[in-house]
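Here's the structure we're looking at; comments come further down.
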Amino acid sequence: MNHGIAIGKVSQASGVKVTTVRFYEQIGLLAAPPRTDGGRRTYDLKDIERLTFIRHSRELGFEIDQIRTLLELQDRPGQSCADADTIAKARLVEVKAKIASLTALQAELERMVDGCSHGRVESCRVIEILADHGKCKHHLHDA
């Protein structure tokens, strides 16, 4: 495979910052590339593809260990995708829970704002609810 792409070009092509490329090398998500006689890292198109995979996985909220597993699966394409499905389903459950939490938060903020009479702070519904967590309906008073 032809190595010869500088780290800056790899960064630009993959959308991953140079420091993050180095970090991914340190933690083993990306193999350490060969270096020139001058000590510069040189990459190839497979490295760009791998970094793009990692970036996209991070954007979807997958944790580093999950990405490591997904990369291992990608490296062995002949095996079952059951583990990948399990990881993605777990992430979907997390996302749905986050959406439910954000929806409840939105409703609480709307209730606070709608209750505001735009009068004086002494009768401000926003201040009242923030001062007395018992009046907050978000997270059933857990947060």
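The way I read the labels, and the way they are meant: chains A, B, ... in the order of the structure tokens, residue 1 as the first residue of every chain, and ligand 1 as the first ligand shown, with later ones counted on from there.
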Write down as a PyMOL selection string the residues belonging to chain A that are assigned strand (DSSP E) by DSSP computed on the backbone.
-> chain A and resi 5-6+42-43
Give me the residues within 6 Å of range 10-23 of chain A as a PyMOL selection string, counting only C-alpha atoms and dropping any in the same chain fewer than 4 places off.
-> chain A and resi 48+51-52
Which residue, A:Gly115, A:Gly61, A:Cys81, A:Ala131, has the smallest gap to Lys98 in chain A when you use only C-alpha atoms?
->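 Smallest separation from Lys98 in chain A among the options: A:Gly61.
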Please provide the set of residues having any atom within 12 Å of Leu29 in chain A, restricted to only C-alpha atoms, with same-chain residues fewer than 4 positions apart removed, written as a ChimeraX atom specification.
-> /A:20-25,33,47,50-55,64-72,75
Between CA of Asp83 in chain A and CA of Leu102 in chain A, measure the distance and give it in Å to one decimal.
->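 Interatomic distance, CA of Asp83 in chain A to CA of Leu102 in chain A: 28.7 Å.
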Got a sec: who's within 10 Å of Leu60 in chain A, counting only C-alpha atoms, leaving out chain neighbours fewer than 3 positions off, as number ranges by chain?
-> A: 54-57, 63, 88, 91-92, 95
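You can rank A:Lys89, A:Lys96, A:Lys9, A:His133 by their closest distance to Leu45 in chain A using only C-alpha atoms, and at the top of that list sits A:Lys9.
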